[in-house]
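Below is start-v7.cif, holding mmCIF, C-alpha atoms and all ligand atoms.
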```
data_entry
loop_
_atom_site.label_atom_id
_atom_site.label_comp_id
_atom_site.auth_asym_id
_atom_site.auth_seq_id
_atom_site.Cartn_x
_atom_site.Cartn_y
_atom_site.Cartn_z
CA MET C 14 -21.32 17.65 19.26
CA PRO C 15 -19.83 18.31 15.79
CA ILE C 16 -20.12 15.49 13.30
CA ALA C 17 -17.66 14.62 10.54
CA CYS C 18 -18.37 12.37 7.61
CA LEU C 19 -15.28 10.65 6.20
CA ASN C 20 -14.74 8.01 3.53
CA GLY C 21 -12.12 5.68 4.90
CA ILE C 22 -10.45 2.29 4.74
CA VAL C 23 -9.44 0.42 7.91
CA LEU C 24 -5.64 0.15 7.97
CA SER C 25 -5.44 -1.53 11.37
CA TYR C 26 -7.29 -1.89 14.66
CA THR C 27 -6.71 -2.51 18.34
CA ASP C 28 -9.34 -4.15 20.50
CA TYR C 29 -10.33 -1.90 23.37
CA ARG C 30 -12.01 -2.95 26.59
CA GLU C 31 -14.55 -5.73 26.32
CA ASN C 32 -16.44 -4.87 23.15
CA SER C 33 -14.89 -1.85 21.49
CA ARG C 34 -12.18 -1.33 18.93
CA MET C 35 -9.88 1.57 18.01
CA LEU C 36 -9.59 1.81 14.22
CA THR C 37 -6.89 3.52 12.21
CA LEU C 38 -8.55 4.77 9.04
CA PHE C 39 -6.97 6.03 5.85
CA THR C 40 -9.55 8.60 4.79
CA ALA C 41 -9.89 10.34 1.45
CA GLU C 42 -10.59 13.67 3.14
CA GLN C 43 -8.18 13.84 6.11
CA GLY C 44 -5.47 11.22 5.69
CA ARG C 45 -4.95 9.05 8.77
CA VAL C 46 -7.61 9.32 11.47
CA ASP C 47 -7.96 7.14 14.58
CA VAL C 48 -11.57 6.47 15.53
CA MET C 49 -13.27 4.60 18.37
CA ALA C 50 -15.90 2.07 17.35
CA ARG C 51 -17.77 1.54 20.61
CA ASP C 52 -19.36 -1.83 21.26
CA CYS C 53 -18.61 -2.94 17.72
CA ARG C 54 -17.73 -6.46 18.93
CA LYS C 55 -21.04 -7.11 20.66
CA PRO C 56 -23.17 -9.77 18.99
CA ASN C 57 -25.21 -8.20 16.17
CA ALA C 58 -23.36 -4.88 16.56
CA PRO C 59 -24.15 -2.63 13.61
CA PHE C 60 -20.51 -1.49 13.14
CA LEU C 61 -18.70 -4.81 13.17
CA ALA C 62 -18.41 -5.12 9.39
CA CYS C 63 -16.98 -1.58 9.28
CA ALA C 64 -14.39 -2.43 11.94
CA GLN C 65 -12.63 -5.20 9.98
CA PRO C 66 -9.28 -4.87 8.21
CA PHE C 67 -9.60 -3.26 4.73
CA ALA C 68 -13.28 -2.38 5.22
CA TYR C 69 -14.14 0.70 3.17
CA GLY C 70 -17.07 2.82 4.24
CA GLU C 71 -18.55 6.20 4.92
CA TYR C 72 -17.93 6.82 8.61
CA GLU C 73 -20.09 9.33 10.42
CA LEU C 74 -18.15 10.46 13.45
CA TYR C 75 -18.71 12.46 16.60
CA VAL C 76 -15.78 14.83 17.01
CA LYS C 77 -14.59 16.05 20.40
CA GLY C 78 -11.22 17.78 20.24
CA ASP C 79 -9.03 15.34 18.37
CA ARG C 80 -11.14 12.33 19.46
CA HIS C 81 -13.42 10.69 16.95
CA THR C 82 -16.14 8.17 17.76
CA VAL C 83 -18.13 6.28 15.16
CA ARG C 84 -21.78 7.34 15.20
CA GLN C 85 -22.74 5.22 12.25
CA CYS C 86 -21.14 3.73 9.20
CA GLU C 87 -22.29 2.75 5.76
CA LEU C 88 -20.14 -0.07 4.45
CA ARG C 89 -19.23 0.48 0.81
CA GLU C 90 -16.92 -2.47 0.34
CA SER C 91 -15.77 -5.18 2.74
CA PHE C 92 -13.04 -6.58 0.45
CA PHE C 93 -13.96 -9.82 2.14
CA SER C 94 -12.04 -12.00 -0.31
CA LEU C 95 -8.80 -10.43 0.98
CA ARG C 96 -9.43 -12.09 4.34
CA ASP C 97 -10.17 -15.40 2.68
CA ASP C 98 -6.88 -15.91 0.82
CA ILE C 99 -3.59 -15.97 2.70
CA ASP C 100 -1.43 -14.56 -0.15
CA LYS C 101 -3.84 -11.73 -0.83
CA PHE C 102 -4.27 -11.00 2.87
CA THR C 103 -0.50 -10.88 3.37
CA ILE C 104 0.05 -8.45 0.53
CA ALA C 105 -2.95 -6.29 1.50
CA SER C 106 -1.51 -6.16 5.04
CA ALA C 107 1.86 -5.02 3.70
CA LEU C 108 0.20 -2.26 1.63
CA ALA C 109 -1.79 -1.14 4.69
CA LEU C 110 1.38 -1.01 6.81
CA LEU C 111 3.20 1.02 4.16
CA CYS C 112 0.32 3.51 4.05
CA GLN C 113 0.08 3.65 7.83
CA ASP C 114 3.79 4.46 8.05
CA VAL C 115 3.70 7.41 5.65
CA VAL C 116 0.20 8.92 5.79
CA GLN C 117 0.05 11.82 8.23
CA GLU C 118 -2.80 12.36 10.66
CA PHE C 119 -5.38 14.87 9.37
CA GLN C 120 -3.44 15.48 6.16
CA ARG C 121 -5.28 14.71 2.98
CA ASN C 122 -3.36 12.47 0.63
CA LEU C 123 -5.78 11.67 -2.16
CA GLU C 124 -3.17 10.36 -4.60
CA LEU C 125 -1.99 7.65 -2.21
CA PHE C 126 -5.56 6.94 -1.07
CA SER C 127 -6.51 6.27 -4.67
CA LEU C 128 -3.48 4.02 -5.26
CA PHE C 129 -4.31 2.06 -2.09
CA TYR C 130 -8.02 1.73 -2.87
CA ILE C 131 -7.47 0.63 -6.46
CA SER C 132 -4.75 -1.81 -5.36
CA LEU C 133 -7.08 -3.42 -2.81
CA SER C 134 -9.85 -3.68 -5.43
CA HIS C 135 -7.48 -5.28 -7.87
CA LEU C 136 -6.15 -7.69 -5.22
CA ALA C 137 -9.67 -8.64 -4.16
CA TYR C 138 -11.31 -9.02 -7.54
CA GLY C 139 -8.60 -9.06 -10.22
CA GLN C 140 -7.28 -12.16 -11.90
CA GLY C 141 -3.62 -11.11 -11.80
CA ASP C 142 -0.85 -12.42 -9.58
CA PRO C 143 -0.90 -10.61 -6.18
CA GLN C 144 2.88 -10.17 -6.36
CA ASP C 145 2.59 -8.30 -9.68
CA LEU C 146 0.18 -5.96 -7.94
CA LEU C 147 2.70 -5.52 -5.13
CA ILE C 148 5.39 -4.56 -7.67
CA TYR C 149 3.07 -2.00 -9.25
CA PHE C 150 2.18 -0.59 -5.83
CA LEU C 151 5.78 -0.33 -4.64
CA LEU C 152 7.01 1.54 -7.72
CA HIS C 153 4.16 4.03 -7.60
CA PHE C 154 4.47 4.32 -3.81
CA PHE C 155 8.17 5.22 -4.14
CA ARG C 156 7.35 7.77 -6.82
CA HIS C 157 4.64 9.23 -4.62
CA LEU C 158 7.21 9.69 -1.85
CA GLY C 159 9.57 11.41 -4.30
CA GLN C 160 12.00 8.49 -4.07
CA CYS C 161 11.50 6.69 -7.34
CA PRO C 162 14.54 4.67 -8.46
CA THR C 163 16.17 5.71 -11.73
CA VAL C 164 15.54 3.13 -14.46
CA THR C 165 16.71 4.59 -17.77
CA HIS C 166 19.73 6.63 -16.67
CA CYS C 167 22.65 5.95 -14.35
CA ALA C 168 21.91 7.22 -10.85
CA GLY C 169 25.64 7.99 -10.51
CA CYS C 170 26.71 9.79 -13.68
CA GLY C 171 23.42 10.34 -15.51
CA GLU C 172 24.39 8.39 -18.63
CA ASP C 173 21.55 6.89 -20.68
CA LEU C 174 21.71 3.16 -19.97
CA ARG C 175 19.46 1.94 -22.76
CA GLY C 176 21.56 -0.20 -25.06
CA HIS C 177 24.17 -0.93 -22.38
CA LYS C 178 25.07 -4.60 -22.00
CA HIS C 179 26.23 -4.57 -18.38
CA LEU C 180 23.73 -3.01 -16.00
CA PHE C 181 23.65 -2.76 -12.21
CA PHE C 182 21.20 -1.64 -9.54
CA SER C 183 22.19 0.11 -6.35
CA ALA C 184 19.65 1.11 -3.70
CA GLN C 185 22.31 3.33 -2.18
CA ALA C 186 23.01 5.19 -5.44
CA GLY C 187 19.26 5.56 -6.16
CA GLY C 188 18.55 2.95 -8.84
CA ALA C 189 20.17 1.73 -12.03
CA VAL C 190 23.89 2.38 -12.43
CA CYS C 191 26.43 1.90 -15.22
CA ALA C 192 29.46 -0.41 -14.98
CA VAL C 193 31.74 2.52 -14.10
CA CYS C 194 29.52 3.69 -11.20
CA ALA C 195 28.54 0.17 -10.09
CA GLY C 196 30.96 -0.22 -7.17
CA GLY C 197 29.71 -3.32 -5.38
CA ALA C 198 26.19 -3.11 -6.87
CA HIS C 199 24.38 -6.23 -8.07
CA ALA C 200 23.84 -6.86 -11.76
CA VAL C 201 20.32 -6.22 -13.05
CA SER C 202 18.73 -7.40 -16.26
CA ALA C 203 17.77 -4.93 -18.99
CA THR C 204 14.34 -6.62 -18.91
CA ALA C 205 13.86 -5.70 -15.25
CA LEU C 206 14.72 -2.04 -15.87
CA GLU C 207 12.44 -1.91 -18.91
CA ALA C 208 9.62 -3.56 -16.92
CA MET C 209 9.99 -0.92 -14.18
CA ARG C 210 9.94 1.87 -16.78
CA ARG C 211 6.74 0.53 -18.33
CA ILE C 212 5.01 -0.11 -14.99
CA LEU C 213 5.75 3.46 -13.91
CA LEU C 214 4.04 4.74 -17.06
CA LEU C 215 0.96 2.57 -16.54
CA PRO C 216 -2.06 4.40 -15.06
CA GLU C 217 -3.92 2.78 -12.14
CA ALA C 218 -6.89 1.90 -14.34
CA GLU C 219 -4.63 -0.35 -16.38
CA LEU C 220 -2.68 -2.06 -13.62
CA SER C 221 -4.20 -5.44 -14.53
CA ARG C 222 -1.90 -5.34 -17.56
CA VAL C 223 1.10 -6.08 -15.31
CA THR C 224 1.68 -9.80 -15.86
CA LEU C 225 5.26 -10.85 -15.21
CA LYS C 226 7.06 -14.13 -15.72
CA PRO C 227 8.19 -15.72 -12.40
CA PRO C 228 11.97 -15.05 -12.74
CA LEU C 229 11.36 -11.39 -13.60
CA ARG C 230 8.82 -11.09 -10.77
CA ARG C 231 11.38 -12.47 -8.30
CA GLU C 232 14.10 -10.14 -9.57
CA LEU C 233 11.86 -7.07 -9.29
CA LEU C 234 10.59 -7.97 -5.82
CA ARG C 235 14.14 -8.47 -4.61
CA LEU C 236 15.28 -5.13 -6.03
CA LEU C 237 12.27 -3.13 -4.88
CA THR C 238 12.00 -4.48 -1.35
CA GLY C 239 15.75 -3.89 -0.89
CA TYR C 240 15.35 -0.38 -2.29
CA GLY C 241 12.31 0.50 -0.14
CA ARG C 242 13.95 -0.82 2.99
CA PHE C 243 17.17 1.11 2.32
CA HIS C 244 15.33 4.39 1.70
CA HIS C 245 12.90 3.92 4.61
CA CYS C 246 9.90 4.15 2.28
CA GLY C 247 7.64 2.92 5.07
CA GLY C 248 8.88 1.01 8.10
CA PRO C 249 10.64 -2.36 8.11
CA ARG C 250 7.53 -4.29 9.24
CA ALA C 251 5.95 -4.02 5.80
CA TYR C 252 9.09 -5.25 4.06
CA ALA C 253 9.37 -8.16 6.48
CA ILE C 254 5.91 -9.30 5.31
CA GLN C 255 6.84 -8.93 1.65
CA LEU C 256 10.04 -10.90 1.97
CA THR C 257 8.15 -13.80 3.53
CA ILE C 258 6.07 -13.94 0.36
CA ASP C 259 9.13 -13.62 -1.85
CA ASN C 260 10.63 -16.74 -0.35
ZN ZN Q 1 27.35 5.93 -14.22
#
```

Now that the file is in, can you turn its structure into structure tokens?
Ligand SMILES: [Zn+2]
Amino acid sequence: MPIACLNGIVLSYTDYRENSRMLTLFTAEQGRVDVMARDCRKPNAPFLACAQPFAYGEYELYVKGDRHTVRQCELRESFFSLRDDIDKFTIASALALLCQDVVQEFQRNLELFSLFYISLSHLAYGQGDPQDLLIYFLLHFFRHLGQCPTVTHCAGCGEDLRGHKHLFFSAQAGGAVCAVCAGGAHAVSATALEAMRRILLLPEAELSRVTLKPPLRRELLRLLTGYGRFHHCGGPRAYAIQLTIDN
């Protein structure tokens, strides 16, 4: 039977029969892949650690048609601390749902895999606020989907908004808008737009530099979750989780 070797992170799982589990992996090589981990819930089963949410490992798989069964797995990272802290777990779950909603089966998506992996590492081991990480993830996730909100120019008329006193943000229009194009859009602070601009420029390796003050953090989370939900950047389940945190 052919064997595939994939580096993947567990996005979700469903228990199957008495002792097995079906895992949805986000793999570096083939995007989303569903795999069966047989008997992984038996006492002392060798795969159990690799069948937990957010586990990252090298999965050696038997392949039969489009069915994949775990033959063995070398755990690289359990990200255990994510399961030990309710805020971190909640945000990690939202990121996993967002990825699960957009990553296609058997389609490599290394850019998003890297964003997801680095975000989990930062959540698990970084010192920053988990919500700041969520803001970083959402902006780069939107950009990855080709749906980044405009932040320096009006999404309606294209005018450069830097220096404008009255600024607005409209998910419908596609981001920041000027007073003329605002319609019923909510006001947004210049600080929030500038923060989004800077966060979008920040490479993944430097995401620990995102440290926001609470009012700005709340404003950005409100704008970005509303924006993502409106543009269907991932399904509504992920945004439901995020809003619980926001409140
Ligand atoms: Zn305008």

So which residues are near ligand ZN 1 (chain Q), meaning at most 9 Å away with only C-alpha atoms and all ligand atoms counted, given back as a tab-separated table (two decimals) with C-alpha atoms, in the coordinates of the input?
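Okay, this is what ended up in out.tsv:
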```tsv
chain	number	residue	atom	x	y	z
C	166	HIS	CA	19.73	6.63	-16.67
C	167	CYS	CA	22.65	5.95	-14.35
C	168	ALA	CA	21.91	7.22	-10.85
C	169	GLY	CA	25.64	7.99	-10.51
C	170	CYS	CA	26.71	9.79	-13.68
C	171	GLY	CA	23.42	10.34	-15.51
C	172	GLU	CA	24.39	8.39	-18.63
C	173	ASP	CA	21.55	6.89	-20.68
C	174	LEU	CA	21.71	3.16	-19.97
C	189	ALA	CA	20.17	1.73	-12.03
C	190	VAL	CA	23.89	2.38	-12.43
C	191	CYS	CA	26.43	1.90	-15.22
C	192	ALA	CA	29.46	-0.41	-14.98
C	193	VAL	CA	31.74	2.52	-14.10
C	194	CYS	CA	29.52	3.69	-11.20
C	195	ALA	CA	28.54	0.17	-10.09
```

Next item on the list: Within 8 Å of segment 234-237 of chain C, counting only C-alpha atoms, which residues show up once you throw out same-chain ones fewer than 5 positions away? Write them as a PyMOL selection string, please.
Entry: chain C and resi 148+151-152+182+184+259

Go ahead and write the selection's residues with C-alpha atoms as a compact mmCIF listing (two decimals), in the frame of the given file.
```txt
# COMPACT_ATOMS: atom_id res chain seq x y z
CA ILE C 148 5.39 -4.56 -7.67
CA LEU C 151 5.78 -0.33 -4.64
CA LEU C 152 7.01 1.54 -7.72
CA PHE C 182 21.20 -1.64 -9.54
CA ALA C 184 19.65 1.11 -3.70
CA ASP C 259 9.13 -13.62 -1.85
```

Notebook entry, point to check: For Asn20 of chain C, which residue out of C:Val116, C:Cys161, C:Leu123, C:Ala105 is the nearest one, using all atoms listed in the file?
Noted result: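 Looking at the shortest contact to Asn20 of chain C, the residue is C:Leu123.
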
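With distances restricted to only C-alpha atoms, C:Arg210 is the closest residue to His153 of chain C from C:Arg210, C:Arg34, C:Arg250, C:Arg54.
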
Item checked: Option closest in space to Asp79 of chain C, from C:Leu180, C:Ala205, C:Val48, C:Leu133 [counting all atoms listed in the file] ->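 Using all atoms listed in the file, the shortest distance to Asp79 of chain C belongs to C:Val48.
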
Item checked: Distance criterion (all atoms listed in the file): nearest to Cys18 of chain C out of C:Cys86, C:Cys112, C:Cys53, C:Val201 -> C:Cys86

Notebook entry, point to check: Expressed in Å to a single decimal, how great is the separation between atom CA of His177 of chain C and atom CA of Arg222 of chain C?
Noted result: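 Taking atom CA of His177 of chain C as the start and atom CA of Arg222 of chain C as the end point, the length is 26.9 Å.
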
Notebook entry, point to check: For Ala137 of chain C, which residue out of C:Leu19, C:Leu88, C:Ala68, C:Ala251 is the nearest one, using all atoms listed in the file?
Noted result: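 Nearest candidate to Ala137 of chain C out of C:Leu19, C:Leu88, C:Ala68, C:Ala251: C:Ala68.
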
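Between Met14 of chain C and the residues C:Phe39, C:Tyr75, C:Tyr26, C:Phe67, the shortest atom-to-atom distance, using all atoms listed in the file, involves C:Tyr75.
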
Notebook entry, point to check: In Å, with one decimal, what is the gap from atom CA of Arg156 of chain C to atom CA of Pro249 of chain C?
Noted result: 18.3 Å

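Near Glu87 of chain C, within 9 Å and counting all atoms listed in the file, sit C:Phe60, C:Cys63, C:Tyr69, C:Gly70, C:Glu71, C:Tyr72, C:Glu73, C:Gln85, C:Arg89, not including residues fewer than 2 positions from it in the same chain.
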
Next item on the list: Between atom CA of Gln43 of chain C and atom CA of Gln120 of chain C, measure the distance and give it in Å to one decimal.
Entry: 5.0 Å

Next item on the list: Extract, using all atoms listed in the file, all DNA, RNA and protein residues at most 9 Å from Leu158 of chain C, discarding same-chain residues fewer than 4 positions from it, and format them as a list in words.
Entry: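 Final neighbour list, sorted by chain and number: Val115, His153, Phe154 and Cys246 of chain C.
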
Margin query: Please list, as a PyMOL selection string, the residues that have an atom at most 9 Å away from (0.4, -5.1, -2.0) in the coordinates of this file, counting all atoms listed in the file.
Written below: chain C and resi 101-109+129+132-133+136+143-151+255
